[in-house]
Amino acid sequence: MTAILVVNSGSSSFKYQLIDMDTETELASGLVERIGEPIGHSRHTAGTSKGGRTERDQPIMDHTAGFAVMIEAFAEHGPKLSETNLIAVGHRVVQGGNRFFEPTEITHLVELNIEDLSEIAPLHNPANVQGIRAARASFPNVPHVAVFDTAFHQTLPPAAYTYAIDRDIATRYRVRKYGFHGTSHKFVSEAAAAYLDRPLAEVKTIVLHLGNGASVCAVDGGESIDTSMGMTPLQGLAMGTRSGDIDPAVIFHLRRRAGMTTAELDDLLNRRGGMLALAGNGDMRDVEDAAVAGDPVAQAALDVYFHRVKGYVGNYYAQLGTVDVIVFTAGVGENSPIVRAGALAGLEGMGIEIDPVRNEAKSRTPRVISTDNSRVTVLVIPTNEELEIARQTLGTIKRTHPSV
Ligand code: ADP
C-alpha cells in the first residue's frame, strides 16, 4: 500500500483525509477545529462509516498541536500511520497567483512565495501557510506538495482574465481574474468525459460547482477558458453568504451615502450577502424548505440564485461556441433537484432538457439527469477534491522523486 495525506487548512481549523493510492479509496478522514480557543475539538473517522468515528474536546494551542492530536487519533483509532506507507502530504492552497501554475513540491522558498501571495488572498493563504508549516514539522521525512485552487485556470486567455482598468495599476497590484475551485472543476470535467466515454480533448463542458461557495467554469477540451470567480472568490454567482456579481459603484455609493468602512463593506458582500442576505439563511436546504412551504421571500432568493446560474450558462455556451455537457457538483449541485431544475428551466431552445424523474433520483454516483432527446447531456457528478489533490501530489513526487 502507498498512502497520501491530504490537508486543507483554515485559520483555526484543518480537515484531513488519508487516501490509499493503489485503490484510490479513503482510509480515514477528520477535522481539527477551534484551534487557539479555550477548548478545541477534533473528529476522526477510521474508514468511511460512522461506526469508525470518534470525537474529542481539548485545548489545541496551535496548528502543530492540532497535528499532534491527529497523529494520536491515527495511533489510537487507526489506521496506524506506520503501517500505511505514507509517501507524501498534499496541501490545498487557495491562491497560486501567476507564480504557481502546477502542483509544486514545497520548499522553504515555495512557502515564502505562498505567504507573499497573501497580499491578494488575505483570507486564505496565511491559513494555508500555517497548516503547511505545522504539517512539515510534524511529517519532516516525506515530501509535501501544494496544489493550487487557481492552477486549473492558468489556461484562461487574456480576454477572459483581464479587467478593463489601468494596465499599470492592474500589473502593480496583481489585479486580474484568477478563478478558484480549480481542483474540483478539473476533477469533475475529466470525470464527465470518462463517464460518457468520450475523449476529453473533444468535449465542451460547463461545470456548475454549487456549494457554500459556488462557481461556474467553461472547459474546452480539458482546459478552463473562463470561470465566474475573479481576483477573489467573491465574483460571480450568488452564494451562501457572498453576494457574487455587483456593480462596483455600489461600494462607492455606500461609502459616500452610508459612511460604511472597507471592513463593513467586506462583511456586507463576503459574509452577509448571498442567500443569507436574501432569505435570512445561508444554508440552501433551509432556503428550499422555506420556499416549498410557501415563503415568498425564500422563493425570491432562489429566483436570484437561478437567474445568476442561468446567465453564466448562457455566457459560457457562447464563449465555448456550443456545449456538449453540463455538470452539477458540490453540496447544492449534487443534492438539490430544485436548484438543478430551476437553474436550467426554459433552456429547451438551447438543447438543454432535464428529465424530472432522473433529476429526483438520489445517488452518490455519477448520473445523467437530462432526457434522451436533450442535445446537451446534463450530469450530476460528486466532486472529490481530496482525491484530485492526492493524485496531483503523487504525480508531482513521481517527477521529483523517481524512486517513489
Ligand atoms: P463548501 O463550499 O463549504 O465545500 P459544500 O459543497 O459542502 O460547501 O455545500 C454546502 C451546501 O450544500 C450548503 O448550503 C447545504 O445546504 C447544501 N446542501 C447539502 N445537501 C443539500 C440538499 N439535500 N439540498 C439542498 N442543498 C443541500
# chains A, B, ... in the order shown; residues from 1 in each chain; ligands from 1
$ residues_around --residues "A:Val323" --least-positions-apart "2" --cutoff "6 Å" --atoms "only C-alpha atoms" --output "PyMOL selection string"
chain A and resi 204-205+317+325
$ residues_around --residues "A:Asn8" --least-positions-apart "5" --cutoff "6 Å" --atoms "only C-alpha atoms" --output "VMD selection string"
chain A and resid 14 to 15 92
$ write_last_selection --atoms "N, CA and C atoms" --output "short mmCIF file (atom, residue, chain, number, x, y, z; two decimals), in the first residue's frame"
data_model
loop_
_atom_site.label_atom_id
_atom_site.label_comp_id
_atom_site.auth_asym_id
_atom_site.auth_seq_id
_atom_site.Cartn_x
_atom_site.Cartn_y
_atom_site.Cartn_z
N PHE A 14 -8.31 22.56 10.56
CA PHE A 14 -7.91 21.90 9.30
C PHE A 14 -8.66 20.58 9.16
N LYS A 15 -8.87 20.21 7.88
CA LYS A 15 -9.50 18.93 7.58
C LYS A 15 -8.42 18.05 6.98
N ARG A 92 -3.99 21.67 0.12
CA ARG A 92 -4.78 22.59 -0.69
C ARG A 92 -4.30 24.02 -0.41
#
$ residues_around --residues "A:Pro140" --least-positions-apart "5" --cutoff "12 Å" --atoms "only C-alpha atoms" --output "CSV table (one decimal) with all heavy atoms, in the first residue's frame"
chain,number,residue,atom,x,y,z
A,86,LEU,N,3.0,6.0,4.3
A,86,LEU,CA,2.7,7.4,3.9
A,86,LEU,C,3.9,7.9,3.1
A,86,LEU,O,5.0,8.0,3.5
A,86,LEU,CB,2.5,8.2,5.2
A,86,LEU,CG,2.2,9.7,5.0
A,86,LEU,CD1,0.8,9.8,4.4
A,86,LEU,CD2,2.3,10.5,6.2
A,87,ILE,N,3.6,8.3,1.8
A,87,ILE,CA,4.7,8.7,0.9
A,87,ILE,C,4.7,10.2,0.7
A,87,ILE,O,5.7,10.7,0.2
A,87,ILE,CB,4.6,8.0,-0.4
A,87,ILE,CG1,3.3,8.2,-1.1
A,87,ILE,CG2,5.0,6.5,-0.3
A,87,ILE,CD1,3.3,7.8,-2.6
A,88,ALA,N,3.6,10.9,1.1
A,88,ALA,CA,3.6,12.4,0.8
A,88,ALA,C,2.4,13.0,1.5
A,88,ALA,O,1.5,12.3,1.9
A,88,ALA,CB,3.5,12.7,-0.7
A,89,VAL,N,2.5,14.3,1.7
A,89,VAL,CA,1.4,15.1,2.2
A,89,VAL,C,1.0,16.1,1.1
A,89,VAL,O,1.9,16.8,0.6
A,89,VAL,CB,1.7,15.8,3.5
A,89,VAL,CG1,0.5,16.6,4.0
A,89,VAL,CG2,2.2,14.8,4.6
A,106,ILE,N,6.9,21.5,-1.9
A,106,ILE,CA,7.1,22.6,-1.0
A,106,ILE,C,8.5,22.6,-0.4
A,106,ILE,O,9.0,21.7,0.1
A,106,ILE,CB,6.1,22.6,0.1
A,106,ILE,CG1,4.6,22.6,-0.4
A,106,ILE,CG2,6.3,23.8,1.1
A,106,ILE,CD1,3.5,22.5,0.6
A,107,THR,N,9.2,23.8,-0.7
A,107,THR,CA,10.5,24.0,0.0
A,107,THR,C,10.2,25.3,0.8
A,107,THR,O,9.2,25.9,0.8
A,107,THR,CB,11.5,24.4,-1.1
A,107,THR,OG1,11.1,25.5,-1.8
A,107,THR,CG2,11.8,23.2,-2.0
A,132,ILE,N,0.7,24.3,6.4
A,132,ILE,CA,1.9,23.7,5.8
A,132,ILE,C,3.1,23.7,6.7
A,132,ILE,O,3.7,22.6,6.9
A,132,ILE,CB,2.3,24.6,4.5
A,132,ILE,CG1,1.2,24.3,3.4
A,132,ILE,CG2,3.7,24.2,4.0
A,132,ILE,CD1,1.4,25.2,2.2
A,133,ARG,N,3.3,24.8,7.4
A,133,ARG,CA,4.5,24.8,8.4
A,133,ARG,C,4.3,23.7,9.4
A,133,ARG,O,5.2,23.0,9.7
A,133,ARG,CB,4.6,26.2,9.0
A,133,ARG,CG,5.0,27.2,8.1
A,133,ARG,CD,5.8,28.3,8.7
A,133,ARG,NE,6.4,29.1,7.7
A,133,ARG,CZ,6.1,30.4,7.3
A,133,ARG,NH1,5.1,31.0,8.0
A,133,ARG,NH2,6.7,31.0,6.3
A,134,ALA,N,3.1,23.7,10.0
A,134,ALA,CA,2.9,22.7,11.1
A,134,ALA,C,3.0,21.3,10.5
A,134,ALA,O,3.6,20.4,11.2
A,134,ALA,CB,1.5,22.9,11.7
A,135,ALA,N,2.4,21.0,9.4
A,135,ALA,CA,2.5,19.7,8.8
A,135,ALA,C,3.9,19.3,8.4
A,135,ALA,O,4.3,18.1,8.6
A,135,ALA,CB,1.6,19.6,7.6
$ residues_near_ligand --ligand "ligand 1" --cutoff "6 Å" --atoms "only C-alpha atoms and all ligand atoms" --output "NGL selection string"
:A and (211-213 or 240 or 283-285 or 330-332 or 335-336)
$ residues_around --residues "stretch 181-191 of chain A" --least-positions-apart "6" --cutoff "10 Å" --atoms "only C-alpha atoms" --output "VMD selection string"
chain A and resid 92 94 147 to 154 197 to 201 203 to 209 213 to 224 227 229 233 325 to 330 366 380 to 389 392
$ residues_around --residues "A:Glu83" --least-positions-apart "2" --cutoff "10 Å" --atoms "only C-alpha atoms" --output "VMD selection string"
chain A and resid 1 to 3 78 to 81 85 to 86
$ closest_residue --among "A:Gly351, A:Gly342, A:Gly333, A:Pro143" --to "A:His401" --atoms "only C-alpha atoms"
A:Pro143
$ select_by_dssp --residues "stretch 148-257 of chain A" --states "strand (DSSP E or B)" --output "count of residues only"
20
$ atom_distance --atom1 "atom CA of A:Asp266" --atom2 "atom CA of A:Gly230"
15.3 Å
$ residues_around --residues "A:Ile114" --least-positions-apart "2" --cutoff "9 Å" --atoms "only C-alpha atoms" --output "NGL selection string"
:A and (93 or 95-97 or 100 or 109-112 or 116-118 or 125-126 or 128-129)
$ write_last_selection --atoms "N, CA and C atoms" --output "PDB file, in the first residue's frame"
ATOM      1  N   VAL A  93      -3.976  24.745  -1.469  1.00  0.00           N
ATOM      2  CA  VAL A  93      -3.631  26.163  -1.316  1.00  0.00           C
ATOM      3  C   VAL A  93      -4.553  26.958  -2.229  1.00  0.00           C
ATOM      4  N   GLN A  95      -4.609  30.370  -3.296  1.00  0.00           N
ATOM      5  CA  GLN A  95      -4.156  31.317  -4.321  1.00  0.00           C
ATOM      6  C   GLN A  95      -2.724  31.016  -4.759  1.00  0.00           C
ATOM      7  N   GLY A  96      -2.548  30.697  -6.020  1.00  0.00           N
ATOM      8  CA  GLY A  96      -1.204  30.490  -6.573  1.00  0.00           C
ATOM      9  C   GLY A  96      -0.749  31.669  -7.415  1.00  0.00           C
ATOM     10  N   GLY A  97      -1.638  32.676  -7.579  1.00  0.00           N
ATOM     11  CA  GLY A  97      -1.300  33.882  -8.343  1.00  0.00           C
ATOM     12  C   GLY A  97      -0.798  33.542  -9.736  1.00  0.00           C
ATOM     13  N   PHE A 100       2.353  30.092  -9.499  1.00  0.00           N
ATOM     14  CA  PHE A 100       2.243  28.630  -9.417  1.00  0.00           C
ATOM     15  C   PHE A 100       1.146  28.152 -10.356  1.00  0.00           C
ATOM     16  N   LEU A 109      11.426  28.160   0.179  1.00  0.00           N
ATOM     17  CA  LEU A 109      11.183  29.256  -0.763  1.00  0.00           C
ATOM     18  C   LEU A 109       9.727  29.232  -1.271  1.00  0.00           C
ATOM     19  N   VAL A 110       9.224  28.035  -1.556  1.00  0.00           N
ATOM     20  CA  VAL A 110       7.826  27.916  -2.005  1.00  0.00           C
ATOM     21  C   VAL A 110       6.892  28.417  -0.903  1.00  0.00           C
ATOM     22  N   GLU A 111       7.203  28.052   0.326  1.00  0.00           N
ATOM     23  CA  GLU A 111       6.413  28.512   1.477  1.00  0.00           C
ATOM     24  C   GLU A 111       6.365  30.045   1.526  1.00  0.00           C
ATOM     25  N   LEU A 112       7.540  30.660   1.330  1.00  0.00           N
ATOM     26  CA  LEU A 112       7.611  32.133   1.374  1.00  0.00           C
ATOM     27  C   LEU A 112       6.802  32.748   0.237  1.00  0.00           C
ATOM     28  N   ASP A 116       3.733  35.230   0.440  1.00  0.00           N
ATOM     29  CA  ASP A 116       3.753  36.526  -0.236  1.00  0.00           C
ATOM     30  C   ASP A 116       2.443  36.763  -1.003  1.00  0.00           C
ATOM     31  N   LEU A 117       1.849  35.681  -1.493  1.00  0.00           N
ATOM     32  CA  LEU A 117       0.589  35.817  -2.242  1.00  0.00           C
ATOM     33  C   LEU A 117      -0.591  36.135  -1.314  1.00  0.00           C
ATOM     34  N   SER A 118      -0.346  36.193  -0.014  1.00  0.00           N
ATOM     35  CA  SER A 118      -1.393  36.593   0.938  1.00  0.00           C
ATOM     36  C   SER A 118      -1.892  37.997   0.614  1.00  0.00           C
ATOM     37  N   ASN A 125      -4.542  32.450   2.102  1.00  0.00           N
ATOM     38  CA  ASN A 125      -3.156  31.962   2.052  1.00  0.00           C
ATOM     39  C   ASN A 125      -2.440  31.930   3.404  1.00  0.00           C
ATOM     40  N   PRO A 126      -2.642  32.935   4.288  1.00  0.00           N
ATOM     41  CA  PRO A 126      -1.940  32.852   5.574  1.00  0.00           C
ATOM     42  C   PRO A 126      -2.314  31.578   6.338  1.00  0.00           C
ATOM     43  N   ASN A 128      -3.368  28.757   4.979  1.00  0.00           N
ATOM     44  CA  ASN A 128      -2.770  27.612   4.285  1.00  0.00           C
ATOM     45  C   ASN A 128      -1.310  27.446   4.696  1.00  0.00           C
ATOM     46  N   VAL A 129      -0.591  28.571   4.811  1.00  0.00           N
ATOM     47  CA  VAL A 129       0.830  28.502   5.178  1.00  0.00           C
ATOM     48  C   VAL A 129       0.993  27.992   6.611  1.00  0.00           C
TER      49      VAL A 129
END
